[in-house]
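Structure below is upload31.txt: compact mmCIF, C-alpha atoms and all ligand atoms.
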# COMPACT_ATOMS: atom_id res chain seq x y z
CA MET A 1 -20.31 -1.26 -3.86
CA SER A 2 -20.69 1.51 -6.43
CA ILE A 3 -20.16 1.03 -10.15
CA ILE A 4 -17.11 3.27 -10.03
CA SER A 5 -15.32 1.26 -7.40
CA LEU A 6 -16.24 -1.98 -9.17
CA SER A 7 -14.67 -0.90 -12.44
CA ALA A 8 -11.72 0.57 -10.58
CA LEU A 9 -11.29 -2.74 -8.84
CA ARG A 10 -11.34 -4.64 -12.12
CA TYR A 11 -8.76 -2.26 -13.57
CA ILE A 12 -6.57 -2.57 -10.53
CA ARG A 13 -6.85 -6.36 -10.50
CA LYS A 14 -5.58 -6.37 -14.09
CA LEU A 15 -2.81 -3.97 -13.17
CA SER A 16 -2.01 -6.05 -10.14
CA LEU A 17 -1.60 -9.17 -12.25
CA SER A 18 0.79 -7.53 -14.68
CA VAL A 19 2.80 -5.98 -11.89
CA THR A 20 2.92 -9.30 -10.07
CA LEU A 21 4.16 -11.05 -13.19
CA ALA A 22 6.73 -8.34 -13.82
CA VAL A 23 7.97 -8.51 -10.25
CA SER A 24 8.19 -12.27 -10.09
CA SER A 25 9.83 -12.64 -13.50
CA GLN A 26 12.28 -9.88 -12.61
CA LEU A 27 13.19 -11.62 -9.39
CA LEU A 28 13.50 -14.97 -11.12
CA VAL A 29 15.36 -13.91 -14.25
CA GLN A 30 17.81 -11.48 -12.73
CA PRO A 31 20.62 -12.87 -10.60
CA VAL A 32 18.78 -12.20 -7.38
CA HIS A 33 19.58 -14.92 -4.90
CA ALA A 34 20.32 -15.47 -1.26
CA ALA A 35 23.64 -13.64 -1.53
CA ASP A 36 21.95 -10.47 -2.73
CA PRO A 37 22.01 -8.10 0.26
CA GLY A 38 18.78 -6.35 -0.82
CA VAL A 39 16.75 -9.55 -0.89
CA GLU A 40 18.40 -10.79 2.30
CA ASP A 41 17.52 -7.56 4.10
CA LEU A 42 13.91 -7.79 2.96
CA LYS A 43 13.68 -11.43 4.03
CA GLU A 44 14.95 -10.43 7.44
CA VAL A 45 12.35 -7.68 7.72
CA LEU A 46 9.61 -10.11 6.71
CA GLN A 47 10.86 -12.70 9.21
CA SER A 48 10.98 -10.14 12.01
CA GLN A 49 7.37 -9.21 11.21
CA VAL A 50 6.33 -12.87 11.24
CA ALA A 51 8.05 -13.28 14.63
CA LEU A 52 5.64 -10.71 16.10
CA MET A 53 2.53 -12.53 14.88
CA LYS A 54 0.36 -14.93 16.85
CA PRO A 55 0.86 -18.60 15.89
CA GLU A 56 -2.40 -18.86 13.91
CA LEU A 57 -1.39 -15.95 11.66
CA GLN A 58 2.20 -17.25 11.43
CA GLU A 59 0.87 -20.56 10.12
CA LYS A 60 -1.15 -18.82 7.40
CA VAL A 61 1.77 -16.63 6.37
CA LYS A 62 4.12 -19.61 6.18
CA GLY A 63 1.64 -21.30 3.84
CA LEU A 64 1.70 -18.42 1.32
CA SER A 65 3.28 -19.03 -2.10
CA THR A 66 6.75 -17.78 -2.98
CA ASP A 67 5.14 -15.32 -5.42
CA THR A 68 3.04 -13.81 -2.64
CA LYS A 69 6.06 -13.52 -0.38
CA MET A 70 7.90 -11.78 -3.23
CA ILE A 71 5.00 -9.35 -3.60
CA LEU A 72 5.18 -8.58 0.11
CA MET A 73 8.94 -8.03 -0.16
CA SER A 74 8.56 -5.84 -3.26
CA ILE A 75 6.11 -3.64 -1.33
CA LEU A 76 8.51 -3.46 1.62
CA ALA A 77 11.30 -2.56 -0.82
CA MET A 78 9.47 0.68 -1.66
CA HIS A 79 9.55 1.84 1.96
CA ASN A 80 12.26 2.58 4.48
CA ARG A 81 10.31 3.91 7.43
CA TYR A 82 9.27 1.27 9.95
CA SER A 83 7.37 1.84 13.16
CA ASP A 84 7.59 -0.45 16.15
CA ARG A 85 4.33 0.84 17.59
CA ALA A 86 2.05 2.47 15.01
CA THR A 87 -0.97 0.44 13.87
CA LEU A 88 -2.14 0.38 10.25
CA ARG A 89 -5.04 2.59 11.29
CA GLN A 90 -2.65 5.20 12.63
CA VAL A 91 -0.50 4.99 9.50
CA MET A 92 -3.61 5.39 7.35
CA THR A 93 -4.45 8.57 9.24
CA GLU A 94 -0.98 9.89 8.41
CA ILE A 95 -1.52 8.90 4.79
CA LEU A 96 -4.80 10.82 4.71
CA ALA A 97 -3.06 13.85 6.22
CA ASP A 98 -0.36 13.62 3.52
CA PHE A 99 -3.03 13.32 0.82
CA GLN A 100 -4.71 16.47 2.14
CA SER A 101 -1.34 18.18 2.32
CA ILE A 102 -0.71 17.38 -1.37
CA LEU A 103 -4.04 19.05 -2.11
CA ALA A 104 -3.06 22.14 -0.10
CA GLY A 105 0.20 22.36 -2.06
CA ILE A 106 -1.63 22.13 -5.37
CA MET A 107 -4.29 24.65 -4.40
CA THR A 108 -1.71 27.19 -3.27
CA ASP A 109 0.38 26.57 -6.40
CA ASN A 110 3.29 25.44 -4.23
CA PRO A 111 5.07 22.60 -6.06
CA GLU A 112 7.57 21.96 -3.25
CA HIS A 113 4.77 21.51 -0.73
CA ALA A 114 2.87 19.14 -3.04
CA ALA A 115 5.97 17.13 -4.02
CA ASP A 116 7.19 16.68 -0.43
CA ALA A 117 3.78 15.51 0.77
CA ALA A 118 3.46 13.12 -2.18
CA ARG A 119 6.88 11.56 -1.52
CA ARG A 120 6.07 11.22 2.16
CA LEU A 121 2.80 9.50 1.26
CA ALA A 122 4.58 7.11 -1.13
CA ASN A 123 7.13 6.22 1.54
CA HIS A 124 4.59 5.94 4.36
CA ARG A 125 5.55 4.23 7.59
CA ILE A 126 5.14 0.46 7.76
CA PRO A 127 3.05 -0.40 10.82
CA VAL A 128 4.29 -2.70 13.58
CA GLY A 129 4.19 -6.29 12.33
CA GLY A 130 3.71 -5.17 8.69
CA LEU A 131 0.37 -4.98 6.87
CA LEU A 132 -0.84 -8.55 7.29
CA PRO A 133 -1.90 -8.51 10.97
CA TYR A 134 -4.42 -5.75 10.14
CA LEU A 135 -6.03 -7.28 7.07
CA GLY A 136 -8.07 -10.02 8.77
CA MET A 137 -7.45 -13.78 8.71
CA GLU A 138 -9.92 -14.22 5.84
CA ASN A 139 -7.64 -12.13 3.60
CA ILE A 140 -4.41 -13.98 4.31
CA ASN A 141 -4.33 -16.11 1.19
CA ASP A 142 -2.54 -15.93 -2.17
CA GLU A 143 -5.54 -14.75 -4.16
CA ARG A 144 -6.42 -11.80 -1.92
CA LEU A 145 -2.87 -10.72 -1.25
CA ALA A 146 -2.06 -10.70 -5.00
CA THR A 147 -4.23 -7.57 -5.22
CA LEU A 148 -1.99 -5.71 -2.76
CA GLU A 149 0.76 -5.06 -5.27
CA GLY A 150 -1.65 -3.32 -7.66
CA PHE A 151 -3.16 -1.16 -4.92
CA ASN A 152 0.29 -0.27 -3.68
CA SER A 153 1.58 0.73 -7.10
CA THR A 154 -1.62 2.64 -7.95
CA VAL A 155 -1.37 4.74 -4.81
CA GLU A 156 2.36 5.06 -4.49
CA GLY A 157 3.29 4.99 -8.17
CA ASN A 158 0.87 7.84 -8.87
CA ALA A 159 2.04 9.76 -5.78
CA LEU A 160 5.60 9.61 -7.14
CA LYS A 161 4.38 10.67 -10.59
CA LEU A 162 2.53 13.55 -8.94
CA ALA A 163 5.74 14.60 -7.17
CA GLU A 164 7.57 14.59 -10.51
CA ALA A 165 4.82 16.62 -12.18
CA ALA A 166 4.99 19.14 -9.33
CA ASP A 167 8.80 19.27 -9.59
CA ALA A 168 8.36 20.06 -13.29
CA GLY A 169 5.89 22.84 -12.40
CA ASP A 170 3.01 21.03 -14.11
CA MET A 171 0.35 21.57 -11.44
CA ALA A 172 -2.47 20.66 -13.83
CA LYS A 173 -0.98 17.22 -14.29
CA ALA A 174 -0.33 16.92 -10.55
CA ALA A 175 -4.00 17.74 -9.89
CA SER A 176 -5.18 15.13 -12.38
CA LEU A 177 -3.16 12.42 -10.62
CA LEU A 178 -5.05 12.96 -7.35
CA THR A 179 -7.95 10.97 -8.77
CA ASN A 180 -5.70 8.01 -9.60
CA ILE A 181 -4.35 7.98 -6.07
CA ALA A 182 -7.82 8.22 -4.51
CA THR A 183 -9.04 5.42 -6.77
CA GLY A 184 -6.29 3.16 -5.36
CA CYS A 185 -7.24 4.06 -1.77
CA VAL A 186 -10.90 3.30 -2.37
CA ALA A 187 -10.23 0.06 -4.22
CA CYS A 188 -8.02 -1.29 -1.44
CA HIS A 189 -10.59 -0.35 1.18
CA THR A 190 -13.25 -2.17 -0.82
CA VAL A 191 -11.26 -5.39 -0.52
CA PHE A 192 -9.54 -5.12 2.85
CA ARG A 193 -11.58 -2.78 5.03
CA GLY A 194 -15.11 -2.71 6.39
CA GLN A 195 -16.96 0.41 7.49
CA PRO A 196 -14.73 2.26 9.97
CA GLY A 197 -15.90 2.61 13.53
CA VAL A 198 -19.03 0.47 13.38
CA SER A 199 -20.57 0.05 16.86
CA ASP A 200 -21.73 -3.31 18.16
CA LEU A 201 -24.01 -1.45 20.58
CA LEU A 202 -26.46 -0.54 17.82
CA ARG A 203 -29.32 -2.87 16.96
C1 LIG B 301 -3.14 -1.76 0.91
C2 LIG B 301 -4.52 -1.40 1.04
C3 LIG B 301 -4.85 0.03 1.37
C4 LIG B 301 -4.52 1.15 0.64
C5 LIG B 301 -3.78 1.23 -0.68
C6 LIG B 301 -5.06 2.27 1.39
N1 LIG B 301 -5.68 1.84 2.53
FE1 LIG B 301 -6.53 3.02 3.95
N2 LIG B 301 -6.99 1.34 5.03
C7 LIG B 301 -6.68 0.05 4.70
C8 LIG B 301 -7.12 -0.85 5.76
C9 LIG B 301 -6.96 -2.36 5.78
C10 LIG B 301 -7.71 -0.04 6.75
C11 LIG B 301 -8.33 -0.51 8.09
C12 LIG B 301 -7.23 -0.55 9.12
C13 LIG B 301 -7.72 -0.93 10.48
O1 LIG B 301 -8.78 -0.44 10.91
O2 LIG B 301 -7.00 -1.69 11.17
C14 LIG B 301 -7.62 1.33 6.24
C15 LIG B 301 -8.12 2.44 6.92
C16 LIG B 301 -8.05 3.74 6.48
C17 LIG B 301 -8.61 4.89 7.17
C18 LIG B 301 -9.51 4.85 8.37
C19 LIG B 301 -9.12 4.61 9.64
C20 LIG B 301 -10.22 4.36 10.60
O3 LIG B 301 -10.52 5.29 11.36
O4 LIG B 301 -10.75 3.25 10.63
C21 LIG B 301 -8.30 5.99 6.42
C22 LIG B 301 -8.65 7.44 6.73
C23 LIG B 301 -7.56 5.55 5.27
N3 LIG B 301 -7.44 4.17 5.33
C24 LIG B 301 -7.08 6.39 4.28
C25 LIG B 301 -6.43 5.97 3.14
C26 LIG B 301 -5.99 6.84 2.08
C27 LIG B 301 -6.19 8.34 2.03
C28 LIG B 301 -5.40 6.04 1.14
C29 LIG B 301 -4.79 6.42 -0.17
C30 LIG B 301 -3.92 7.57 -0.24
C31 LIG B 301 -5.46 4.68 1.64
N4 LIG B 301 -6.09 4.68 2.83
C32 LIG B 301 -4.95 3.58 0.97
C33 LIG B 301 -6.06 -0.36 3.55
C34 LIG B 301 -5.57 0.47 2.56
Could the structure of this file be written out as structure tokens, please?
Amino acid sequence: MSIISLSALRYIRKLSLSVTLAVSSQLLVQPVHAADPGVEDLKEVLQSQVALMKPELQEKVKGLSTDTKMILMSILAMHNRYSDRATLRQVMTEILADFQSILAGIMTDNPEHAADAARRLANHRIPVGGLLPYLGMENINDERLATLEGFNSTVEGNALKLAEAADAGDMAKAASLLTNIATGCVACHTVFRGQPGVSDLLR
């Protein structure tokens, strides 16, 4: 792991904690309860994802804390495009294409192009079964999953800021936000992804 990704990770962990606290206190303090249609909808989505999982993963998910489940729901709340067939790997490829498309918009001084691609990236598709089935059993615990919220807001929060900067015609600011987004991608990969495409046919 390089020094850059280590420090990025530390930063994001800190960010993740504050976001987690903000999210959980918001959900606890505000009158959000079972009657709230938003929360009910999100619970239903989460339950329908759990229904698709194998029993061993279901068990682990059921054992997660309420805070972790709230984090998962707060991430879902930022998205409204669900796929019933795309894997996380396929969604990630779309995300990379959107990231490259943002770059093309910036480099051609086309704010509409950049802003559309950034908003599409921020509202990426949710893969079939949600994120959890793709993260590996070893990562399905409260400590690991607490980092998700920070990664999500680093990538998607900055993508939305980039869209706003582009809307305002500030392409220099939009360009500077690319690094923040990429830092979030790399940090999440450091925690949740190994080297892509490794062959078990090599010695
Ligand atoms: C929430 C954590 C997380 C974030 C944030 C994230 N990724 Fe990923 N990414 C993953 C995981 C996990 C995989 C491995 C998925 C698999 O192979 O099933 C992956 C895989 C990929 C792959 C490789 C697919 C392959 O061929 O194995 C690409 C490309 C990719 N991500 C791009 C991006 C880009 C670009 C961003 C930021 C704009 C990003 N990711 C943000 C978790 C994340």
Tell me which protein, DNA and RNA residues are within 6 Å of A:Phe151, counting all atoms listed in the file, leaving out same-chain ones fewer than 3 positions away, and put them as a PyMOL selection string. chain A and resi 148+154+184+188
Tell me which of A:Ala187, A:Leu135, A:Ala165, A:Val155 sits closest to A:Leu88, counting all atoms listed in the file. A:Leu135
Residue contacts of A:Ile75 (9 Å, only C-alpha atoms) excluding same-chain residues fewer than 2 positions away, as a ChimeraX atom specification: /A:70-73,77-79,148-149,152-153
Contacts of A:Ile95 within 8 Å, only C-alpha atoms, excl. fewer than 4 positions in-chain, as an NGL selection string: :A and (91 or 99 or 121 or 124)
Please save C-alpha atoms of the selected residues as an mmCIF file, keeping the file's coordinate frame.
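Written out: part-v7.cif:
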data_model
loop_
_atom_site.group_PDB
_atom_site.id
_atom_site.type_symbol
_atom_site.label_atom_id
_atom_site.label_comp_id
_atom_site.auth_asym_id
_atom_site.auth_seq_id
_atom_site.Cartn_x
_atom_site.Cartn_y
_atom_site.Cartn_z
ATOM 1 C CA VAL A 91 -0.500 4.990 9.500
ATOM 2 C CA PHE A 99 -3.030 13.320 0.820
ATOM 3 C CA LEU A 121 2.800 9.500 1.260
ATOM 4 C CA HIS A 124 4.590 5.940 4.360
#
One decimal place gives the atom CA of A:Leu202-atom CA of A:Gly136 separation as 22.6 Å
Neighbouring residues of A:Tyr82 were defined as those with any atom within 7 Å, considering all atoms listed in the file; residues of the same chain fewer than 5 positions away were excluded. Please report them as a ChimeraX atom specification. /A:125-127
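Atom CA of A:Asp142 lies 6.6 Å from atom CA of A:Ser65.
Considering only C-alpha atoms and all ligand atoms, the residue among A:Thr66, A:Asn141, A:Thr183, A:Gln58 positioned nearest to ligand LIG 301 (chain B) is A:Thr183.
Atom CA of A:Pro133 lies 10.9 Å from atom CA of A:Lys60.
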Please return the centre and edge lengths, in Å to one decimal, of a box with edges along x, y and z that contains all listed atoms of stretch 99-109 of chain A, widened by 5 Å on every side, as JSON.
{"center_x": -2.2, "center_y": 20.3, "center_z": -2.0, "size_x": 15.1, "size_y": 23.9, "size_z": 18.7}
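Of the listed residues A:Leu160, A:Met92, A:Ala175, A:Ile106, the one whose atoms come nearest to ligand LIG 301 (chain B) is A:Met92, with distances taken using all atoms listed in the file.
For the residues A:Ser101, A:Thr108, A:Ser176, A:Gln47, ranking by smallest atom-to-atom distance to ligand LIG 301 (chain B) using only C-alpha atoms and all ligand atoms places A:Ser101 first.
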Measuring atom to atom with only C-alpha atoms and all ligand atoms, identify which of A:Thr87, A:Gln49, A:Asn139, A:Ser199 is nearest to ligand LIG 301 (chain B). A:Thr87
Which residue of A:Gly38, A:Pro55, A:Gly197, A:Pro111 approaches ligand LIG 301 (chain B) most closely, using all atoms listed in the file: A:Gly197
